[in-house]
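File shown here: work-v3.pdb, holding PDB, C-alpha atoms.
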```pdb
ATOM      1  CA  MET R  15     107.745  49.563 100.038  1.00  0.00           C
ATOM      2  CA  ALA R  16     109.019  51.131  96.825  1.00  0.00           C
ATOM      3  CA  LYS R  17     105.892  49.935  94.950  1.00  0.00           C
ATOM      4  CA  VAL R  18     103.625  51.469  97.604  1.00  0.00           C
ATOM      5  CA  ARG R  19     105.515  54.761  97.448  1.00  0.00           C
ATOM      6  CA  ALA R  20     105.317  54.801  93.633  1.00  0.00           C
ATOM      7  CA  ALA R  21     101.577  54.069  93.743  1.00  0.00           C
ATOM      8  CA  LEU R  22     100.992  56.856  96.273  1.00  0.00           C
ATOM      9  CA  LYS R  23     102.979  59.305  94.141  1.00  0.00           C
ATOM     10  CA  ASP R  24     100.863  58.460  91.107  1.00  0.00           C
ATOM     11  CA  LYS R  25      97.492  58.573  92.890  1.00  0.00           C
ATOM     12  CA  LEU R  26      98.083  61.537  95.194  1.00  0.00           C
ATOM     13  CA  SER R  27     100.425  63.494  92.900  1.00  0.00           C
ATOM     14  CA  ILE R  28     103.099  63.706  95.605  1.00  0.00           C
ATOM     15  CA  MET R  29     106.151  65.436  94.233  1.00  0.00           C
ATOM     16  CA  THR R  30     108.554  64.943  97.151  1.00  0.00           C
ATOM     17  CA  THR R  31     111.399  62.512  97.557  1.00  0.00           C
ATOM     18  CA  SER R  32     111.940  60.156 100.437  1.00  0.00           C
ATOM     19  CA  VAL R  33     115.351  61.675 101.196  1.00  0.00           C
ATOM     20  CA  HIS R  34     115.596  64.987 103.057  1.00  0.00           C
ATOM     21  CA  LYS R  35     118.214  67.378 101.741  1.00  0.00           C
ATOM     22  CA  GLU R  36     119.486  67.959 105.307  1.00  0.00           C
ATOM     23  CA  VAL R  37     120.699  64.369 105.615  1.00  0.00           C
ATOM     24  CA  THR R  38     122.578  64.148 102.340  1.00  0.00           C
ATOM     25  CA  GLN R  39     126.334  63.817 102.491  1.00  0.00           C
ATOM     26  CA  GLY R  40     126.954  67.238 100.900  1.00  0.00           C
ATOM     27  CA  ALA R  41     124.623  69.006 103.322  1.00  0.00           C
ATOM     28  CA  ARG R  42     126.257  67.321 106.308  1.00  0.00           C
ATOM     29  CA  LYS R  43     129.721  68.380 105.110  1.00  0.00           C
ATOM     30  CA  GLU R  44     128.536  71.947 104.604  1.00  0.00           C
ATOM     31  CA  HIS R  45     127.002  72.012 108.095  1.00  0.00           C
ATOM     32  CA  GLU R  46     130.174  70.587 109.633  1.00  0.00           C
ATOM     33  CA  LYS R  47     132.327  73.148 107.816  1.00  0.00           C
ATOM     34  CA  THR R  48     130.069  76.003 108.995  1.00  0.00           C
ATOM     35  CA  VAL R  49     130.161  74.845 112.615  1.00  0.00           C
ATOM     36  CA  GLU R  50     133.950  74.452 112.551  1.00  0.00           C
ATOM     37  CA  SER R  51     134.494  77.950 111.140  1.00  0.00           C
ATOM     38  CA  MET R  52     132.095  79.404 113.711  1.00  0.00           C
ATOM     39  CA  VAL R  53     133.909  77.670 116.572  1.00  0.00           C
ATOM     40  CA  GLU R  54     137.238  78.915 115.241  1.00  0.00           C
ATOM     41  CA  GLN R  55     135.952  82.505 114.962  1.00  0.00           C
ATOM     42  CA  ILE R  56     134.511  82.418 118.479  1.00  0.00           C
ATOM     43  CA  GLY R  57     137.832  81.026 119.690  1.00  0.00           C
ATOM     44  CA  ASN R  58     139.638  83.963 118.093  1.00  0.00           C
ATOM     45  CA  TYR R  59     137.368  86.465 119.831  1.00  0.00           C
ATOM     46  CA  MET R  60     136.940  84.837 123.220  1.00  0.00           C
ATOM     47  CA  ASP R  61     140.066  82.878 124.052  1.00  0.00           C
ATOM     48  CA  PRO R  62     140.277  83.189 127.854  1.00  0.00           C
ATOM     49  CA  SER R  63     143.798  81.772 127.954  1.00  0.00           C
ATOM     50  CA  ALA R  64     145.114  84.409 125.553  1.00  0.00           C
ATOM     51  CA  GLY R  65     144.633  87.220 128.061  1.00  0.00           C
ATOM     52  CA  GLY R  66     144.125  89.733 125.274  1.00  0.00           C
ATOM     53  CA  VAL R  67     141.519  92.418 124.998  1.00  0.00           C
ATOM     54  CA  ALA R  68     137.838  91.599 124.651  1.00  0.00           C
ATOM     55  CA  ARG R  69     136.467  91.965 121.148  1.00  0.00           C
ATOM     56  CA  HIS R  70     133.025  92.620 119.714  1.00  0.00           C
ATOM     57  CA  PHE R  71     131.587  89.330 118.475  1.00  0.00           C
ATOM     58  CA  LYS R  72     130.355  90.569 115.116  1.00  0.00           C
ATOM     59  CA  THR R  73     132.793  93.328 114.132  1.00  0.00           C
ATOM     60  CA  GLY R  74     135.953  92.205 115.938  1.00  0.00           C
ATOM     61  CA  GLU R  75     136.577  95.703 117.359  1.00  0.00           C
ATOM     62  CA  THR R  76     138.089  95.920 120.827  1.00  0.00           C
ATOM     63  CA  ILE R  77     135.662  96.600 123.662  1.00  0.00           C
ATOM     64  CA  PRO R  78     136.718  99.374 126.068  1.00  0.00           C
ATOM     65  CA  GLU R  79     137.966  98.233 129.490  1.00  0.00           C
ATOM     66  CA  ASP R  80     135.277 100.128 131.439  1.00  0.00           C
ATOM     67  CA  VAL R  81     132.538  98.374 129.443  1.00  0.00           C
ATOM     68  CA  VAL R  82     134.066  94.947 130.177  1.00  0.00           C
ATOM     69  CA  ARG R  83     134.400  95.784 133.863  1.00  0.00           C
ATOM     70  CA  GLY R  84     130.770  96.958 134.008  1.00  0.00           C
ATOM     71  CA  LEU R  85     129.513  93.818 132.292  1.00  0.00           C
ATOM     72  CA  LEU R  86     131.483  91.560 134.635  1.00  0.00           C
ATOM     73  CA  GLN R  87     130.079  93.364 137.694  1.00  0.00           C
ATOM     74  CA  SER R  88     126.476  93.471 136.404  1.00  0.00           C
ATOM     75  CA  THR R  89     125.444  90.247 138.160  1.00  0.00           C
ATOM     76  CA  GLU R  90     126.613  91.491 141.548  1.00  0.00           C
ATOM     77  CA  MET R  91     124.940  94.855 140.995  1.00  0.00           C
ATOM     78  CA  GLY R  92     121.673  93.149 140.021  1.00  0.00           C
ATOM     79  CA  GLU R  93     121.721  90.898 143.075  1.00  0.00           C
ATOM     80  CA  THR R  94     122.404  93.901 145.328  1.00  0.00           C
ATOM     81  CA  LEU R  95     119.474  95.802 143.839  1.00  0.00           C
ATOM     82  CA  LEU R  96     117.216  92.741 144.198  1.00  0.00           C
ATOM     83  CA  LEU R  97     118.059  92.411 147.889  1.00  0.00           C
ATOM     84  CA  LYS R  98     117.495  96.153 148.335  1.00  0.00           C
ATOM     85  CA  PHE R  99     114.110  95.838 146.595  1.00  0.00           C
ATOM     86  CA  ILE R 100     113.038  92.945 148.836  1.00  0.00           C
ATOM     87  CA  ASP R 101     114.241  94.692 151.985  1.00  0.00           C
ATOM     88  CA  GLU R 102     112.679  98.094 151.264  1.00  0.00           C
ATOM     89  CA  ARG R 103     109.365  96.987 149.730  1.00  0.00           C
ATOM     90  CA  LEU R 104     108.549  93.587 151.229  1.00  0.00           C
ATOM     91  CA  LYS R 105     110.310  93.137 154.578  1.00  0.00           C
ATOM     92  CA  ARG R 106     110.040  96.614 156.079  1.00  0.00           C
ATOM     93  CA  GLU R 107     106.937  97.655 157.955  1.00  0.00           C
ATOM     94  CA  GLY R 108     105.436 100.983 158.852  1.00  0.00           C
ATOM     95  CA  ASP R 109     106.389 104.382 157.502  1.00  0.00           C
ATOM     96  CA  SER R 110     109.876 103.360 156.372  1.00  0.00           C
ATOM     97  CA  ARG R 111     108.384 100.926 153.825  1.00  0.00           C
ATOM     98  CA  ILE R 112     108.541 102.072 150.190  1.00  0.00           C
ATOM     99  CA  SER R 113     105.560 101.482 147.898  1.00  0.00           C
ATOM    100  CA  PHE R 114     105.816  98.259 145.926  1.00  0.00           C
ATOM    101  CA  PHE R 115     104.811 100.080 142.733  1.00  0.00           C
ATOM    102  CA  GLN R 116     107.378 102.875 142.960  1.00  0.00           C
ATOM    103  CA  PRO R 117     109.803 102.769 139.996  1.00  0.00           C
ATOM    104  CA  ILE R 118     113.001 100.809 140.572  1.00  0.00           C
ATOM    105  CA  GLN R 119     116.518 102.044 139.889  1.00  0.00           C
ATOM    106  CA  ASN R 120     117.827 101.387 136.398  1.00  0.00           C
ATOM    107  CA  LEU R 121     121.340  99.908 136.227  1.00  0.00           C
ATOM    108  CA  LYS R 122     122.260 101.651 132.950  1.00  0.00           C
ATOM    109  CA  ILE R 123     125.041  99.190 132.168  1.00  0.00           C
ATOM    110  CA  LYS R 124     127.211 100.263 129.266  1.00  0.00           C
ATOM    111  CA  ILE R 125     127.409  97.529 126.648  1.00  0.00           C
ATOM    112  CA  GLY R 126     129.605  99.318 124.135  1.00  0.00           C
ATOM    113  CA  MET R 127     126.796  99.752 121.601  1.00  0.00           C
ATOM    114  CA  GLU R 128     125.787 103.292 122.611  1.00  0.00           C
ATOM    115  CA  LYS R 129     125.769 105.794 119.799  1.00  0.00           C
ATOM    116  CA  PRO R 130     127.444 109.140 120.498  1.00  0.00           C
ATOM    117  CA  LYS R 131     125.126 112.126 120.679  1.00  0.00           C
ATOM    118  CA  LYS R 132     125.061 114.174 117.526  1.00  0.00           C
ATOM    119  CA  THR R 133     125.810 117.864 117.674  1.00  0.00           C
ATOM    120  CA  LEU R 134     123.305 120.200 116.084  1.00  0.00           C
ATOM    121  CA  LYS R 135     124.386 121.621 112.793  1.00  0.00           C
ATOM    122  CA  VAL R 136     124.137 125.354 112.140  1.00  0.00           C
ATOM    123  CA  VAL R 137     121.760 124.667 109.257  1.00  0.00           C
ATOM    124  CA  ASN R 138     119.194 123.064 111.577  1.00  0.00           C
ATOM    125  CA  ILE R 139     119.332 126.024 113.938  1.00  0.00           C
ATOM    126  CA  LEU R 140     118.838 128.420 111.026  1.00  0.00           C
ATOM    127  CA  LYS R 141     115.825 126.404 109.858  1.00  0.00           C
ATOM    128  CA  GLU R 142     114.289 126.619 113.315  1.00  0.00           C
ATOM    129  CA  GLU R 143     114.812 130.401 113.409  1.00  0.00           C
ATOM    130  CA  LYS R 144     113.293 130.693 109.951  1.00  0.00           C
ATOM    131  CA  GLN R 145     110.245 128.694 111.078  1.00  0.00           C
ATOM    132  CA  ALA R 146     109.903 130.845 114.200  1.00  0.00           C
ATOM    133  CA  PHE R 147     110.065 134.018 112.086  1.00  0.00           C
ATOM    134  CA  GLY R 148     107.424 132.576 109.756  1.00  0.00           C
ATOM    135  CA  ALA R 149     105.150 131.916 112.707  1.00  0.00           C
ATOM    136  CA  LEU R 150     105.541 135.524 113.877  1.00  0.00           C
ATOM    137  CA  VAL R 151     104.741 136.880 110.438  1.00  0.00           C
ATOM    138  CA  GLY R 152     101.810 134.504 110.082  1.00  0.00           C
ATOM    139  CA  LYS R 153     100.226 135.817 113.295  1.00  0.00           C
ATOM    140  CA  ALA R 154     100.417 139.426 112.210  1.00  0.00           C
ATOM    141  CA  THR R 155      97.101 141.066 111.325  1.00  0.00           C
ATOM    142  CA  THR R 156      98.457 143.905 109.209  1.00  0.00           C
ATOM    143  CA  ALA R 157     101.398 144.360 106.872  1.00  0.00           C
ATOM    144  CA  ARG R 158     102.796 147.084 109.134  1.00  0.00           C
ATOM    145  CA  GLU R 159     102.651 144.742 112.129  1.00  0.00           C
ATOM    146  CA  ALA R 160     104.363 141.957 110.167  1.00  0.00           C
ATOM    147  CA  HIS R 161     107.262 144.209 109.185  1.00  0.00           C
ATOM    148  CA  SER R 162     107.511 146.282 112.334  1.00  0.00           C
ATOM    149  CA  TYR R 163     111.175 146.479 113.097  1.00  0.00           C
ATOM    150  CA  PRO R 164     113.045 149.649 113.877  1.00  0.00           C
ATOM    151  CA  LEU R 165     114.383 151.459 110.833  1.00  0.00           C
ATOM    152  CA  VAL R 166     117.869 152.757 111.245  1.00  0.00           C
TER     153      VAL R 166
END
```
Spit out the file's structure as structure tokens when you get a sec.
Amino acid sequence: MAKVRAALKDKLSIMTTSVHKEVTQGARKEHEKTVESMVEQIGNYMDPSAGGVARHFKTGETIPEDVVRGLLQSTEMGETLLLKFIDERLKREGDSRISFFQPIQNLKIKIGMEKPKKTLKVVNILKEEKQAFGALVGKATTAREAHSYPLV
């Protein structure tokens, strides 16, 4: 077999080896070490017997209690909305039946990744006022009209 492989390498200019790097002893050890550290990290974050607070998987920050409660109840809420959908749109007959294509209710489950809304800075408001003033001046037909403000 080795002679055939050598002949094929020479004739076809094959530059690969017969051993994959994934099956070498060093690669297997590295993979095993990676899996063990990942299991340990997940154990630190999600140990159900510890009874501690829930933590974000990537950052390790604690997840607020209301977010955890909402996530744990999301399955029940989804099943309730599914049954409501089937009852109102498929089972009912007559005028009380809701259109199948009417938008459904969104659960809006908090997952703890929501970014807080930013407050407008005074500079942005001033820029908007400046742009509005520029639009007013730009629409003026005469210089007097552009600068018509009461003189005190």
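Across R:Met127, R:Ala21, R:Phe99, R:Val37, the tightest approach to Lys72 of chain R is made by R:Met127 when counting all atoms listed in the file.
Using only C-alpha atoms, the shortest contact distance between Ile56 of chain R and any of R:Arg106, R:Arg69, R:Lys132, R:Arg83 is found at R:Arg69.
Restricting the calculation to all atoms listed in the file, the smallest distance between Ile100 of chain R and any of R:Glu75, R:Val49, R:Phe114, R:Gln87 is found for R:Phe114.
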For this session: Write out as number ranges by chain which residues come within 10 Å of Glu36 of chain R when counting all atoms listed in the file, dropping same-chain ones fewer than 6 positions away.
Result: R: 42, 44-45
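Between atom CA of Gly92 of chain R and atom CA of Pro117 of chain R the separation is 15.3 Å.
Counting from atom CA of Ile77 of chain R, the distance to atom CA of Gly126 of chain R is 6.7 Å.
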